[in-house]
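K.L.:
I'm passing along work28.cif; it holds mmCIF, C-alpha atoms.
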```
data_model
#
loop_
_atom_site.group_PDB
_atom_site.id
_atom_site.type_symbol
_atom_site.label_atom_id
_atom_site.label_comp_id
_atom_site.auth_asym_id
_atom_site.auth_seq_id
_atom_site.Cartn_x
_atom_site.Cartn_y
_atom_site.Cartn_z
ATOM 1 C CA MET A 26 -16.397 -41.553 18.637
ATOM 2 C CA LEU A 27 -12.794 -42.051 19.733
ATOM 3 C CA MET A 28 -11.718 -38.925 17.788
ATOM 4 C CA ASN A 29 -14.358 -36.868 19.628
ATOM 5 C CA VAL A 30 -12.966 -38.030 22.970
ATOM 6 C CA LEU A 31 -9.381 -37.301 21.917
ATOM 7 C CA THR A 32 -10.340 -33.921 20.534
ATOM 8 C CA SER A 33 -12.037 -32.807 23.746
ATOM 9 C CA ASP A 34 -9.137 -34.191 25.803
ATOM 10 C CA THR A 35 -6.555 -32.378 23.713
ATOM 11 C CA ARG A 36 -8.562 -29.153 23.897
ATOM 12 C CA SER A 37 -8.703 -29.548 27.648
ATOM 13 C CA ALA A 38 -4.955 -30.282 27.748
ATOM 14 C CA LEU A 39 -4.224 -27.167 25.672
ATOM 15 C CA LEU A 40 -6.253 -24.988 28.034
ATOM 16 C CA ARG A 41 -4.474 -26.509 31.052
ATOM 17 C CA VAL A 42 -1.039 -25.872 29.545
ATOM 18 C CA ILE A 43 -1.906 -22.262 28.712
ATOM 19 C CA ALA A 44 -3.356 -21.720 32.203
ATOM 20 C CA PHE A 45 -0.232 -23.243 33.760
ATOM 21 C CA ILE A 46 2.058 -21.061 31.638
ATOM 22 C CA VAL A 47 0.168 -17.907 32.573
ATOM 23 C CA PHE A 48 0.055 -18.850 36.270
ATOM 24 C CA ALA A 49 3.696 -19.949 36.447
ATOM 25 C CA SER A 50 4.941 -16.932 34.508
ATOM 26 C CA PHE A 51 3.353 -14.384 36.785
ATOM 27 C CA SER A 52 3.335 -16.193 40.121
ATOM 28 C CA THR A 53 7.092 -16.804 40.382
ATOM 29 C CA ARG A 54 8.192 -13.289 39.495
ATOM 30 C CA ALA A 55 6.349 -10.052 38.866
ATOM 31 C CA LEU A 56 8.280 -9.432 35.662
ATOM 32 C CA PRO A 57 9.718 -12.663 34.231
ATOM 33 C CA GLN A 58 12.696 -12.509 31.904
ATOM 34 C CA SER A 59 11.451 -11.994 28.357
ATOM 35 C CA VAL A 60 13.059 -13.734 25.414
ATOM 36 C CA ALA A 61 12.309 -13.749 21.680
ATOM 37 C CA GLU A 62 12.619 -17.101 19.913
ATOM 38 C CA ILE A 63 12.817 -18.324 16.316
ATOM 39 C CA GLN A 64 12.811 -22.052 15.550
ATOM 40 C CA TYR A 65 13.311 -23.968 12.319
ATOM 41 C CA ALA A 66 11.390 -27.275 11.985
ATOM 42 C CA GLY A 67 10.727 -29.446 15.038
ATOM 43 C CA ASN A 68 7.068 -30.488 14.477
ATOM 44 C CA ILE A 69 5.720 -26.964 15.055
ATOM 45 C CA GLY A 70 5.967 -25.547 11.550
ATOM 46 C CA LEU A 71 8.750 -24.975 9.073
ATOM 47 C CA LEU A 72 9.508 -21.678 10.810
ATOM 48 C CA SER A 73 8.024 -20.573 14.122
ATOM 49 C CA ALA A 74 8.510 -17.554 16.353
ATOM 50 C CA GLY A 75 7.171 -16.077 19.549
ATOM 51 C CA PRO A 76 7.852 -14.913 23.080
ATOM 52 C CA VAL A 77 9.431 -16.979 25.851
ATOM 53 C CA TRP A 78 9.244 -16.252 29.570
ATOM 54 C CA GLU A 79 12.013 -17.463 31.874
ATOM 55 C CA TYR A 80 11.458 -17.866 35.595
ATOM 56 C CA GLY A 81 12.268 -20.000 38.609
ATOM 57 C CA HIS A 82 15.627 -20.562 40.280
ATOM 58 C CA ASP A 83 18.366 -19.588 37.768
ATOM 59 C CA ASP A 84 15.679 -19.233 35.055
ATOM 60 C CA ARG A 85 15.420 -23.009 34.682
ATOM 61 C CA TRP A 86 11.790 -22.905 33.524
ATOM 62 C CA GLN A 87 10.696 -21.475 30.187
ATOM 63 C CA SER A 88 7.186 -20.955 28.844
ATOM 64 C CA HIS A 89 6.879 -20.534 25.074
ATOM 65 C CA LEU A 90 3.959 -19.300 22.953
ATOM 66 C CA LEU A 91 4.902 -19.888 19.315
ATOM 67 C CA ILE A 92 3.222 -19.425 15.963
ATOM 68 C CA GLY A 93 4.615 -21.672 13.243
ATOM 69 C CA LEU A 94 4.015 -21.535 9.512
ATOM 70 C CA VAL A 95 3.772 -24.580 7.273
ATOM 71 C CA PRO A 96 4.167 -23.637 3.589
ATOM 72 C CA GLU A 97 1.884 -24.828 0.844
ATOM 73 C CA SER A 98 2.872 -28.135 -0.727
ATOM 74 C CA ARG A 99 1.411 -30.540 -3.209
ATOM 75 C CA TYR A 100 -0.148 -32.445 -0.279
ATOM 76 C CA SER A 101 -1.665 -29.598 1.717
ATOM 77 C CA ASP A 102 -2.480 -25.918 1.818
ATOM 78 C CA ARG A 103 -0.480 -23.378 3.783
ATOM 79 C CA TYR A 104 -1.489 -23.217 7.462
ATOM 80 C CA ALA A 105 -0.411 -21.919 10.868
ATOM 81 C CA VAL A 106 0.399 -23.970 13.964
ATOM 82 C CA PHE A 107 -0.062 -22.543 17.474
ATOM 83 C CA THR A 108 2.134 -24.068 20.188
ATOM 84 C CA ALA A 109 2.279 -23.683 23.959
ATOM 85 C CA ARG A 110 5.456 -25.294 25.304
ATOM 86 C CA GLN A 111 6.966 -25.687 28.769
ATOM 87 C CA THR A 112 10.725 -26.331 29.020
ATOM 88 C CA PHE A 113 12.800 -27.397 32.022
ATOM 89 C CA ILE A 114 16.596 -26.975 32.114
ATOM 90 C CA PRO A 115 17.955 -29.153 34.956
ATOM 91 C CA TRP A 116 21.655 -28.161 34.631
ATOM 92 C CA GLN A 117 23.273 -24.994 33.412
ATOM 93 C CA ASN A 118 26.810 -23.640 33.121
ATOM 94 C CA VAL A 119 28.225 -27.108 32.621
ATOM 95 C CA ALA A 120 30.912 -26.610 30.003
ATOM 96 C CA PRO A 121 33.958 -28.906 29.981
ATOM 97 C CA TRP A 122 36.152 -26.218 28.424
ATOM 98 C CA GLN A 123 35.353 -23.583 31.085
ATOM 99 C CA LYS A 124 37.924 -24.821 33.640
ATOM 100 C CA ALA A 125 40.713 -24.897 31.062
ATOM 101 C CA LEU A 126 39.835 -21.459 29.718
ATOM 102 C CA ALA A 127 39.273 -19.937 33.159
ATOM 103 C CA SER A 128 42.832 -20.861 34.190
ATOM 104 C CA ASP A 129 44.154 -18.446 31.525
ATOM 105 C CA PRO A 130 43.884 -14.929 33.057
ATOM 106 C CA GLY A 131 43.774 -13.246 29.627
ATOM 107 C CA CYS A 132 40.837 -15.327 28.362
ATOM 108 C CA THR A 133 37.346 -14.054 29.126
ATOM 109 C CA ILE A 134 35.489 -16.489 26.849
ATOM 110 C CA ALA A 135 34.957 -18.843 29.800
ATOM 111 C CA ASN A 136 32.751 -16.216 31.408
ATOM 112 C CA ARG A 137 30.756 -15.652 28.215
ATOM 113 C CA LEU A 138 29.839 -19.203 27.214
ATOM 114 C CA SER A 139 27.652 -21.623 29.111
ATOM 115 C CA LEU A 140 26.122 -24.941 28.201
ATOM 116 C CA ALA A 141 22.838 -26.498 29.222
ATOM 117 C CA PRO A 142 23.507 -30.145 28.255
ATOM 118 C CA LEU A 143 19.899 -31.237 28.705
ATOM 119 C CA THR A 144 16.570 -29.528 28.141
ATOM 120 C CA VAL A 145 13.259 -31.340 28.464
ATOM 121 C CA SER A 146 9.982 -29.972 27.146
ATOM 122 C CA ALA A 147 6.337 -30.811 26.626
ATOM 123 C CA ALA A 148 4.038 -28.915 24.293
ATOM 124 C CA VAL A 149 0.527 -28.762 22.930
ATOM 125 C CA SER A 150 0.155 -27.742 19.281
ATOM 126 C CA THR A 151 -2.967 -27.075 17.269
ATOM 127 C CA VAL A 152 -3.524 -26.186 13.630
ATOM 128 C CA ALA A 153 -5.306 -22.871 13.097
ATOM 129 C CA GLY A 154 -8.900 -23.372 12.037
ATOM 130 C CA ASN A 155 -8.890 -27.121 12.727
ATOM 131 C CA SER A 156 -9.152 -27.961 16.428
ATOM 132 C CA SER A 157 -9.241 -31.695 15.646
ATOM 133 C CA LEU A 158 -5.552 -31.458 14.709
ATOM 134 C CA THR A 159 -4.255 -30.928 18.241
ATOM 135 C CA HIS A 160 -1.201 -32.887 19.361
ATOM 136 C CA LEU A 161 0.972 -33.386 22.408
ATOM 137 C CA GLN A 162 4.691 -33.167 21.788
ATOM 138 C CA PHE A 163 7.699 -34.215 23.859
ATOM 139 C CA ALA A 164 11.304 -33.130 23.259
ATOM 140 C CA VAL A 165 14.842 -33.329 24.621
ATOM 141 C CA GLY A 166 17.740 -31.179 23.538
ATOM 142 C CA SER A 167 20.644 -28.947 24.515
ATOM 143 C CA ARG A 168 21.482 -25.237 24.521
ATOM 144 C CA LEU A 169 24.612 -23.098 24.208
ATOM 145 C CA ASP A 170 24.484 -19.549 25.613
ATOM 146 C CA LEU A 171 26.684 -16.599 24.670
ATOM 147 C CA ARG A 172 26.809 -13.456 26.807
ATOM 148 C CA THR A 173 28.606 -10.308 25.682
ATOM 149 C CA LYS A 174 28.697 -6.676 26.708
ATOM 150 C CA GLY A 175 25.667 -4.838 25.443
ATOM 151 C CA MET A 176 23.740 -8.078 24.899
ATOM 152 C CA GLN A 177 21.867 -9.949 27.586
ATOM 153 C CA ARG A 178 22.123 -13.454 26.099
ATOM 154 C CA LEU A 179 22.017 -15.198 22.742
ATOM 155 C CA SER A 180 21.200 -18.920 22.856
ATOM 156 C CA ILE A 181 21.494 -21.517 20.119
ATOM 157 C CA TYR A 182 19.653 -24.754 20.748
ATOM 158 C CA TYR A 183 18.486 -27.988 19.212
ATOM 159 C CA GLU A 184 15.787 -30.425 20.208
ATOM 160 C CA LEU A 185 14.674 -33.868 19.128
ATOM 161 C CA SER A 186 10.905 -34.092 19.364
ATOM 162 C CA ALA A 187 8.121 -36.562 18.765
ATOM 163 C CA TYR A 188 4.388 -36.026 18.867
ATOM 164 C CA ASP A 189 1.695 -38.303 20.240
ATOM 165 C CA LEU A 190 0.307 -39.681 16.967
ATOM 166 C CA ALA A 191 3.744 -40.710 15.711
ATOM 167 C CA ILE A 192 4.502 -42.534 18.951
ATOM 168 C CA ILE A 193 1.089 -44.237 19.077
ATOM 169 C CA SER A 194 1.350 -45.255 15.413
ATOM 170 C CA ALA A 195 4.769 -46.822 15.957
ATOM 171 C CA VAL A 196 3.588 -49.221 18.666
ATOM 172 C CA PRO A 197 1.530 -51.571 16.445
ATOM 173 C CA ASN A 198 3.451 -50.863 13.228
ATOM 174 C CA LYS A 199 6.990 -52.253 13.363
ATOM 175 C CA LYS A 200 7.827 -50.673 9.978
ATOM 176 C CA ILE A 201 7.867 -47.218 11.584
ATOM 177 C CA THR A 202 11.429 -46.526 12.720
ATOM 178 C CA LEU A 203 12.821 -44.091 15.262
ATOM 179 C CA ARG A 204 13.886 -41.897 12.345
ATOM 180 C CA ASP A 205 10.222 -41.643 11.277
ATOM 181 C CA ILE A 206 9.151 -40.581 14.773
ATOM 182 C CA LEU A 207 11.825 -38.060 15.766
ATOM 183 C CA CYS A 208 12.115 -34.577 14.298
ATOM 184 C CA LEU A 209 15.065 -32.212 14.699
ATOM 185 C CA GLY A 210 14.403 -28.568 15.442
ATOM 186 C CA ILE A 211 17.040 -25.848 15.759
ATOM 187 C CA GLY A 212 16.514 -22.376 17.087
ATOM 188 C CA VAL A 213 17.824 -19.113 18.448
ATOM 189 C CA GLN A 214 16.697 -17.250 21.562
ATOM 190 C CA TYR A 215 17.583 -13.643 22.386
ATOM 191 C CA ARG A 216 16.953 -12.215 25.842
ATOM 192 C CA LEU A 217 15.297 -8.836 25.471
ATOM 193 C CA PHE A 218 15.608 -7.612 29.069
#
```
Just give me the structure of the file as structure tokens.
P.N.:
Amino acid sequence: MLMNVLTSDTRSALLRVIAFIVFASFSTRALPQSVAEIQYAGNIGLLSAGPVWEYGHDDRWQSHLLIGLVPESRYSDRYAVFTARQTFIPWQNVAPWQKALASDPGCTIANRLSLAPLTVSAAVSTVAGNSSLTHLQFAVGSRLDLRTKGMQRLSIYYELSAYDLAIISAVPNKKITLRDILCLGIGVQYRLF
């Protein structure tokens, strides 16, 4: 009975996140900045990809719709994971090397690199064909942006994430360590226009 309650709650949460992403994406700007993203690992599949919309003041909000693939293993079949994620970037352009590089008039790298030292995100993921495998996920990370002529922006990021079942399982079971809960994901974003 508890699983039925959790399943309906997670379905409801997934619909709310998707509705929020759609509303936020189109209410803040008629044409939000579009970004393509590829991520390796991070609790949303071995490899995932999809569109990202940036909006808000200085593009500090991102909405992601990702499809991740989990390969076949001896424990499970191959399957797809659908993820709706909302990311907030509280600080941008905070790079300790920028002041030193900007003082050199011949160096333009200071104007090309920027650092977002903290990103915070929440996501809802579900396994294709099995709505009972829906999870909430929370992550923190960082991002490094590179801007060049002819390219809008290329970002490299990492995030440490944990999903709801891992966190809930760790509370009564002291044998589960932080290493068992956290998952590292690395990715690349490319601004299309």
K.L.:
May I have the residues within 6 Å of Ile63 in chain A as a PyMOL selection string, using only C-alpha atoms and disregarding those fewer than 2 positions away in the same chain?
P.N.:
chain A and resi 73-74+212-213
K.L.:
Take the selection from the previous step and output its residues with C-alpha atoms, as an mmCIF file, in the frame of the given file.
P.N.:
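See selection_13.cif below for the written result:
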```cif
data_model
loop_
_atom_site.group_PDB
_atom_site.id
_atom_site.type_symbol
_atom_site.label_atom_id
_atom_site.label_comp_id
_atom_site.auth_asym_id
_atom_site.auth_seq_id
_atom_site.Cartn_x
_atom_site.Cartn_y
_atom_site.Cartn_z
ATOM 1 C CA SER A 73 8.024 -20.573 14.122
ATOM 2 C CA ALA A 74 8.510 -17.554 16.353
ATOM 3 C CA GLY A 212 16.514 -22.376 17.087
ATOM 4 C CA VAL A 213 17.824 -19.113 18.448
#
```
K.L.:
Smallest atom-to-atom distance to Ile206 in chain A: which of A:Glu79, A:Asp170, A:Asp84, A:Asp189, using only C-alpha atoms?
P.N.:
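Checking each of A:Glu79, A:Asp170, A:Asp84, A:Asp189 against Ile206 in chain A, counting only C-alpha atoms, the winner is A:Asp189.
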K.L.:
Which residues, named as in the file, does the PyMOL selection byres ((chain A and resi 183) around 8) pick out? Answer as JSON, numbers by chain.
P.N.:
{"A": [166, 167, 168, 181, 182, 184, 185, 209, 210, 211, 212]}
K.L.:
Could you give me, as a ChimeraX atom specification, the residues within 12 Å of range 110-116 of chain A, counting all atoms listed in the file and dropping anything in the same chain fewer than 5 positions from it?
P.N.:
/A:38-39,41-47,49-50,69,75-92,139-151,160-169,182,184,186
K.L.:
Mind giving me the straight-line distance from CA of Phe107 in chain A to CA of Asp205 in chain A in Å, one decimal?
P.N.:
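Going from CA of Phe107 in chain A over to CA of Asp205 in chain A, I get 22.6 Å.
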